[in-house]
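S.K.: Here you go, one structure.
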Amino acid sequence: MSTPVRLAVLQSIVDALRAMGPQIGCTYQVARDEDVTLDRRNLATVFSLPAFVVEPEGGGQREFLPANRIKDRFPVVIYGRVDATGLSDSARRLTVFEQLAADVERCLTRDITRGGLAIDTRVLPPREPYIELDPVNSVYLEQPVEVVVRRIYGQPEGS
């Protein structure tokens, strides 16, 4: 049984985030593979940070092309959390938010074709930050992404 292209794209995003670290110029490093998942979970209860959940979002657009082909634009949201501890910056929580958003963008734009599965990956502006106050200091990111895939209609596994 082959994997639907949308699922393969989501897994590609997970893999890109798992590679987050200073070796590619990121501020943060994902410590364990299980810190980035497709399975919905409560990020507030995660202790190994940064942590991410990658989810497809409803909606999107489908364009029907000649020769029984389609172009799908489908939205994805990356939910992330990191703690803003130990920084002397007076705007430390916002600094952490912007650094995490920049790291996500860096990870996803290293290969906008998602390993040849897509024709484009667009990292859109992050949604408004959710920032907890002292003593918690957790910073939550909602990062919208749009992926564009072209494939044969009736073959969801792509081609």
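As shown in the structure tokens, the chain order sets the letters A, B, ...; within each chain, residues go from 1, and ligands are also counted from 1 in the order they appear.
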So that I can check the secondary structure, give me every residue of chain A assigned alpha helix (DSSP H) by backbone DSSP, as an MDAnalysis selection string.

M.R.: chainID A and resid 5:18 92:108

S.K.: Restrict the calculation to only C-alpha atoms, then for each residue of segment 57-158 of chain A with any atom at most 8 Å from an atom of segment 12-34 of chain A give the closest atom pair and their distance in Å to one decimal, rows by chain and rising residue number, as a tab-separated table.

M.R.:
```
residue	atom	partner	partner_atom	distance
A:Gln99	CA	A:Thr27	CA	6.6
A:Leu100	CA	A:Tyr28	CA	7.2
A:Ala102	CA	A:Cys26	CA	7.9
A:Asp103	CA	A:Cys26	CA	5.2
A:Val104	CA	A:Leu17	CA	6.8
A:Arg106	CA	A:Cys26	CA	7.4
A:Cys107	CA	A:Ala16	CA	5.6
A:Leu108	CA	A:Ala16	CA	6.1
A:Arg114	CA	A:Ser12	CA	5.8
A:Gly115	CA	A:Ser12	CA	7.4
```

S.K.: Give me, as a Markdown table, each residue of segment 67-86 of chain A that comes within 9 Å of segment 37-45 of chain A, together with its shortest interatomic pair and the distance in Å at one decimal, counting only C-alpha atoms, with rows ordered by chain and rising residue number.

M.R.:
```
| residue | atom | partner | partner_atom | distance |
| --- | --- | --- | --- | --- |
| A:Tyr79 | CA | A:Leu43 | CA | 8.3 |
| A:Gly80 | CA | A:Leu43 | CA | 7.5 |
| A:Arg81 | CA | A:Leu43 | CA | 6.5 |
```

S.K.: Which of these residues is nearest to Arg127 of chain A, using only C-alpha atoms: A:Ala84, A:Ala51, A:Ile152, A:Ile78?

M.R.: A:Ile78

S.K.: Name all residues at most 10 Å from Ser138 of chain A (count only C-alpha atoms; drop same-chain ones fewer than 5 positions away) and give them as a list in words.

M.R.: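 Near neighbours after the sequence-gap exclusion: Leu43, Ala44, Arg81, Val82, Asp83, Ala84, Thr85, Arg93, Val96, Phe97, Tyr130, Ile131, Glu132 and Leu133 of chain A.
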
S.K.: Save out the residues we just selected, C-alpha atoms, as a tab-separated table (two decimals), in the first residue's frame.

M.R.:
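Writing done, so here's part09.tsv:
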```
chain	number	residue	atom	x	y	z
A	43	LEU	CA	2.49	20.88	24.31
A	44	ALA	CA	2.12	22.36	27.81
A	81	ARG	CA	6.66	25.47	22.29
A	82	VAL	CA	9.87	26.59	23.93
A	83	ASP	CA	10.58	28.21	27.29
A	84	ALA	CA	12.08	31.70	27.63
A	85	THR	CA	14.34	31.10	30.59
A	93	ARG	CA	9.68	36.03	25.45
A	96	VAL	CA	12.36	33.53	21.86
A	97	PHE	CA	9.17	33.58	19.76
A	130	TYR	CA	0.87	33.04	22.99
A	131	ILE	CA	3.23	33.88	25.81
A	132	GLU	CA	2.79	32.77	29.41
A	133	LEU	CA	3.87	35.06	32.21
```

S.K.: Please identify all polymer residues within 12 Å of Val149 of chain A, counting only C-alpha atoms, omitting same-chain residues fewer than 6 positions from it, and present them as number ranges by chain.

M.R.: A: 4-10, 60-63, 69-75, 112-122, 156-159

S.K.: So how many Å separate atom CA of Val46 of chain A and atom CA of Val145 of chain A, to one decimal?

M.R.: 23.1 Å

S.K.: Go through A:Val54, A:Leu94, A:Leu65, A:Val77 one by one, measure the shortest atom-to-atom distance of each to Asn137 of chain A using only C-alpha atoms, and give the residue with the smallest value.

M.R.: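 Of A:Val54, A:Leu94, A:Leu65, A:Val77, the one nearest Asn137 of chain A is A:Leu94, counting only C-alpha atoms.
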
S.K.: What gap, in Å, lies between atom CA of Glu57 of chain A and atom CA of Pro129 of chain A?

M.R.: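 These two atoms are separated by 18.4 Å.
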
S.K.: So how many Å separate atom CA of Phe52 of chain A and atom CA of Arg151 of chain A, to one decimal?

M.R.: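 The value is 28.4 Å.
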
S.K.: Could you go through chain A and tell me which residues DSSP, when run on the backbone, assigns to strand (DSSP E or B), listing them as a PDB file with N, CA and C atoms, in the first residue's frame?

M.R.:
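Done, and the output landed in result22.pdb:
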```
ATOM      1  N   VAL A  36       8.917  15.967  17.875  1.00  0.00           N
ATOM      2  CA  VAL A  36       8.207  16.488  16.703  1.00  0.00           C
ATOM      3  C   VAL A  36       7.297  15.373  16.215  1.00  0.00           C
ATOM      4  N   THR A  37       6.002  15.655  16.143  1.00  0.00           N
ATOM      5  CA  THR A  37       5.058  14.577  15.847  1.00  0.00           C
ATOM      6  C   THR A  37       3.889  15.062  14.996  1.00  0.00           C
ATOM      7  N   ALA A  51       9.458  21.617  21.221  1.00  0.00           N
ATOM      8  CA  ALA A  51       8.575  20.519  20.814  1.00  0.00           C
ATOM      9  C   ALA A  51       7.591  21.065  19.786  1.00  0.00           C
ATOM     10  N   PHE A  52       7.197  20.204  18.843  1.00  0.00           N
ATOM     11  CA  PHE A  52       6.320  20.627  17.761  1.00  0.00           C
ATOM     12  C   PHE A  52       5.260  19.572  17.470  1.00  0.00           C
ATOM     13  N   VAL A  53       4.103  20.049  17.019  1.00  0.00           N
ATOM     14  CA  VAL A  53       3.054  19.198  16.459  1.00  0.00           C
ATOM     15  C   VAL A  53       2.753  19.761  15.071  1.00  0.00           C
ATOM     16  N   VAL A  54       2.757  18.902  14.073  1.00  0.00           N
ATOM     17  CA  VAL A  54       2.465  19.287  12.692  1.00  0.00           C
ATOM     18  C   VAL A  54       1.092  18.749  12.341  1.00  0.00           C
ATOM     19  N   GLU A  55       0.184  19.653  11.923  1.00  0.00           N
ATOM     20  CA  GLU A  55      -1.183  19.239  11.617  1.00  0.00           C
ATOM     21  C   GLU A  55      -1.665  19.842  10.308  1.00  0.00           C
ATOM     22  N   PRO A  56      -2.383  19.056   9.517  1.00  0.00           N
ATOM     23  CA  PRO A  56      -3.051  19.650   8.358  1.00  0.00           C
ATOM     24  C   PRO A  56      -4.197  20.528   8.852  1.00  0.00           C
ATOM     25  N   GLN A  61      -7.032  24.784  -1.609  1.00  0.00           N
ATOM     26  CA  GLN A  61      -7.607  24.991  -2.946  1.00  0.00           C
ATOM     27  C   GLN A  61      -7.184  23.850  -3.856  1.00  0.00           C
ATOM     28  N   ARG A  62      -8.074  23.512  -4.745  1.00  0.00           N
ATOM     29  CA  ARG A  62      -7.763  22.504  -5.756  1.00  0.00           C
ATOM     30  C   ARG A  62      -8.040  23.110  -7.125  1.00  0.00           C
ATOM     31  N   GLU A  63      -7.030  23.064  -7.955  1.00  0.00           N
ATOM     32  CA  GLU A  63      -7.165  23.565  -9.326  1.00  0.00           C
ATOM     33  C   GLU A  63      -7.080  22.364 -10.267  1.00  0.00           C
ATOM     34  N   PHE A  64      -8.090  22.242 -11.133  1.00  0.00           N
ATOM     35  CA  PHE A  64      -8.108  21.140 -12.096  1.00  0.00           C
ATOM     36  C   PHE A  64      -7.391  21.586 -13.353  1.00  0.00           C
ATOM     37  N   LEU A  65      -6.407  20.806 -13.766  1.00  0.00           N
ATOM     38  CA  LEU A  65      -5.563  21.130 -14.908  1.00  0.00           C
ATOM     39  C   LEU A  65      -5.859  20.180 -16.061  1.00  0.00           C
ATOM     40  N   ARG A  69      -4.891  16.233 -14.478  1.00  0.00           N
ATOM     41  CA  ARG A  69      -3.964  16.594 -13.407  1.00  0.00           C
ATOM     42  C   ARG A  69      -4.624  17.620 -12.491  1.00  0.00           C
ATOM     43  N   ILE A  70      -4.155  17.677 -11.255  1.00  0.00           N
ATOM     44  CA  ILE A  70      -4.649  18.679 -10.315  1.00  0.00           C
ATOM     45  C   ILE A  70      -3.467  19.333  -9.603  1.00  0.00           C
ATOM     46  N   LYS A  71      -3.725  20.543  -9.126  1.00  0.00           N
ATOM     47  CA  LYS A  71      -2.758  21.244  -8.280  1.00  0.00           C
ATOM     48  C   LYS A  71      -3.469  21.558  -6.977  1.00  0.00           C
ATOM     49  N   ASP A  72      -3.002  20.954  -5.913  1.00  0.00           N
ATOM     50  CA  ASP A  72      -3.568  21.157  -4.577  1.00  0.00           C
ATOM     51  C   ASP A  72      -2.687  22.109  -3.789  1.00  0.00           C
ATOM     52  N   ARG A  73      -3.340  23.090  -3.176  1.00  0.00           N
ATOM     53  CA  ARG A  73      -2.684  23.964  -2.198  1.00  0.00           C
ATOM     54  C   ARG A  73      -3.319  23.604  -0.869  1.00  0.00           C
ATOM     55  N   PHE A  74      -2.526  23.051   0.029  1.00  0.00           N
ATOM     56  CA  PHE A  74      -3.135  22.692   1.303  1.00  0.00           C
ATOM     57  C   PHE A  74      -2.368  23.300   2.468  1.00  0.00           C
ATOM     58  N   PRO A  75      -3.148  23.829   3.429  1.00  0.00           N
ATOM     59  CA  PRO A  75      -2.542  24.480   4.582  1.00  0.00           C
ATOM     60  C   PRO A  75      -2.153  23.490   5.673  1.00  0.00           C
ATOM     61  N   VAL A  76      -1.057  23.822   6.316  1.00  0.00           N
ATOM     62  CA  VAL A  76      -0.527  23.049   7.433  1.00  0.00           C
ATOM     63  C   VAL A  76      -0.231  24.051   8.547  1.00  0.00           C
ATOM     64  N   VAL A  77      -0.409  23.635   9.778  1.00  0.00           N
ATOM     65  CA  VAL A  77      -0.030  24.488  10.911  1.00  0.00           C
ATOM     66  C   VAL A  77       0.968  23.730  11.765  1.00  0.00           C
ATOM     67  N   ILE A  78       2.036  24.415  12.102  1.00  0.00           N
ATOM     68  CA  ILE A  78       3.034  23.864  13.009  1.00  0.00           C
ATOM     69  C   ILE A  78       2.845  24.560  14.355  1.00  0.00           C
ATOM     70  N   TYR A  79       2.561  23.763  15.373  1.00  0.00           N
ATOM     71  CA  TYR A  79       2.441  24.285  16.732  1.00  0.00           C
ATOM     72  C   TYR A  79       3.747  23.968  17.452  1.00  0.00           C
ATOM     73  N   GLY A  80       4.331  24.982  18.066  1.00  0.00           N
ATOM     74  CA  GLY A  80       5.607  24.771  18.752  1.00  0.00           C
ATOM     75  C   GLY A  80       5.624  25.413  20.121  1.00  0.00           C
ATOM     76  N   ARG A  81       6.492  24.889  20.958  1.00  0.00           N
ATOM     77  CA  ARG A  81       6.662  25.471  22.292  1.00  0.00           C
ATOM     78  C   ARG A  81       8.125  25.432  22.682  1.00  0.00           C
ATOM     79  N   VAL A  82       8.546  26.500  23.327  1.00  0.00           N
ATOM     80  CA  VAL A  82       9.873  26.585  23.927  1.00  0.00           C
ATOM     81  C   VAL A  82       9.737  27.489  25.153  1.00  0.00           C
ATOM     82  N   ASP A  83      10.628  27.357  26.103  1.00  0.00           N
ATOM     83  CA  ASP A  83      10.581  28.209  27.292  1.00  0.00           C
ATOM     84  C   ASP A  83      11.593  29.334  27.178  1.00  0.00           C
ATOM     85  N   ASP A 120       6.121  23.525  -4.213  1.00  0.00           N
ATOM     86  CA  ASP A 120       6.428  24.709  -3.424  1.00  0.00           C
ATOM     87  C   ASP A 120       6.001  24.505  -1.976  1.00  0.00           C
ATOM     88  N   THR A 121       6.742  25.129  -1.062  1.00  0.00           N
ATOM     89  CA  THR A 121       6.392  25.202   0.349  1.00  0.00           C
ATOM     90  C   THR A 121       6.520  26.655   0.746  1.00  0.00           C
ATOM     91  N   ARG A 122       5.448  27.236   1.240  1.00  0.00           N
ATOM     92  CA  ARG A 122       5.459  28.648   1.650  1.00  0.00           C
ATOM     93  C   ARG A 122       5.284  28.737   3.159  1.00  0.00           C
ATOM     94  N   VAL A 123       6.249  29.332   3.816  1.00  0.00           N
ATOM     95  CA  VAL A 123       6.154  29.585   5.247  1.00  0.00           C
ATOM     96  C   VAL A 123       5.534  30.971   5.391  1.00  0.00           C
ATOM     97  N   TYR A 130       1.484  33.271  21.683  1.00  0.00           N
ATOM     98  CA  TYR A 130       0.872  33.043  22.989  1.00  0.00           C
ATOM     99  C   TYR A 130       2.028  32.900  23.965  1.00  0.00           C
ATOM    100  N   ILE A 131       2.093  33.820  24.898  1.00  0.00           N
ATOM    101  CA  ILE A 131       3.227  33.883  25.811  1.00  0.00           C
ATOM    102  C   ILE A 131       2.714  33.851  27.244  1.00  0.00           C
ATOM    103  N   SER A 138       6.585  30.039  29.215  1.00  0.00           N
ATOM    104  CA  SER A 138       6.443  29.260  27.983  1.00  0.00           C
ATOM    105  C   SER A 138       6.007  30.154  26.835  1.00  0.00           C
ATOM    106  N   VAL A 139       6.558  29.877  25.678  1.00  0.00           N
ATOM    107  CA  VAL A 139       6.234  30.630  24.466  1.00  0.00           C
ATOM    108  C   VAL A 139       5.710  29.630  23.448  1.00  0.00           C
ATOM    109  N   TYR A 140       4.531  29.931  22.874  1.00  0.00           N
ATOM    110  CA  TYR A 140       3.895  29.035  21.916  1.00  0.00           C
ATOM    111  C   TYR A 140       3.847  29.694  20.545  1.00  0.00           C
ATOM    112  N   LEU A 141       4.181  28.916  19.530  1.00  0.00           N
ATOM    113  CA  LEU A 141       4.202  29.377  18.151  1.00  0.00           C
ATOM    114  C   LEU A 141       3.121  28.645  17.359  1.00  0.00           C
ATOM    115  N   GLU A 142       2.377  29.383  16.556  1.00  0.00           N
ATOM    116  CA  GLU A 142       1.497  28.791  15.541  1.00  0.00           C
ATOM    117  C   GLU A 142       2.000  29.287  14.206  1.00  0.00           C
ATOM    118  N   GLN A 143       2.615  28.386  13.450  1.00  0.00           N
ATOM    119  CA  GLN A 143       3.244  28.750  12.190  1.00  0.00           C
ATOM    120  C   GLN A 143       2.475  28.154  11.011  1.00  0.00           C
ATOM    121  N   PRO A 144       1.718  28.995  10.271  1.00  0.00           N
ATOM    122  CA  PRO A 144       1.031  28.473   9.093  1.00  0.00           C
ATOM    123  C   PRO A 144       2.010  28.245   7.930  1.00  0.00           C
ATOM    124  N   VAL A 145       1.737  27.197   7.200  1.00  0.00           N
ATOM    125  CA  VAL A 145       2.545  26.827   6.040  1.00  0.00           C
ATOM    126  C   VAL A 145       1.581  26.412   4.938  1.00  0.00           C
ATOM    127  N   GLU A 146       1.914  26.741   3.698  1.00  0.00           N
ATOM    128  CA  GLU A 146       1.117  26.272   2.562  1.00  0.00           C
ATOM    129  C   GLU A 146       2.020  25.439   1.659  1.00  0.00           C
ATOM    130  N   VAL A 147       1.546  24.259   1.320  1.00  0.00           N
ATOM    131  CA  VAL A 147       2.288  23.352   0.442  1.00  0.00           C
ATOM    132  C   VAL A 147       1.496  23.186  -0.846  1.00  0.00           C
ATOM    133  N   VAL A 148       2.195  23.234  -1.968  1.00  0.00           N
ATOM    134  CA  VAL A 148       1.562  23.074  -3.272  1.00  0.00           C
ATOM    135  C   VAL A 148       2.065  21.778  -3.902  1.00  0.00           C
ATOM    136  N   VAL A 149       1.108  20.927  -4.286  1.00  0.00           N
ATOM    137  CA  VAL A 149       1.409  19.624  -4.876  1.00  0.00           C
ATOM    138  C   VAL A 149       0.689  19.520  -6.204  1.00  0.00           C
ATOM    139  N   ARG A 150       1.365  18.994  -7.210  1.00  0.00           N
ATOM    140  CA  ARG A 150       0.742  18.719  -8.502  1.00  0.00           C
ATOM    141  C   ARG A 150       0.823  17.213  -8.723  1.00  0.00           C
ATOM    142  N   ARG A 151      -0.335  16.627  -9.096  1.00  0.00           N
ATOM    143  CA  ARG A 151      -0.374  15.179  -9.288  1.00  0.00           C
ATOM    144  C   ARG A 151      -1.487  14.809 -10.252  1.00  0.00           C
ATOM    145  N   ILE A 152      -1.574  13.519 -10.564  1.00  0.00           N
ATOM    146  CA  ILE A 152      -2.639  13.008 -11.418  1.00  0.00           C
ATOM    147  C   ILE A 152      -3.899  12.831 -10.575  1.00  0.00           C
TER     148      ILE A 152
END
```
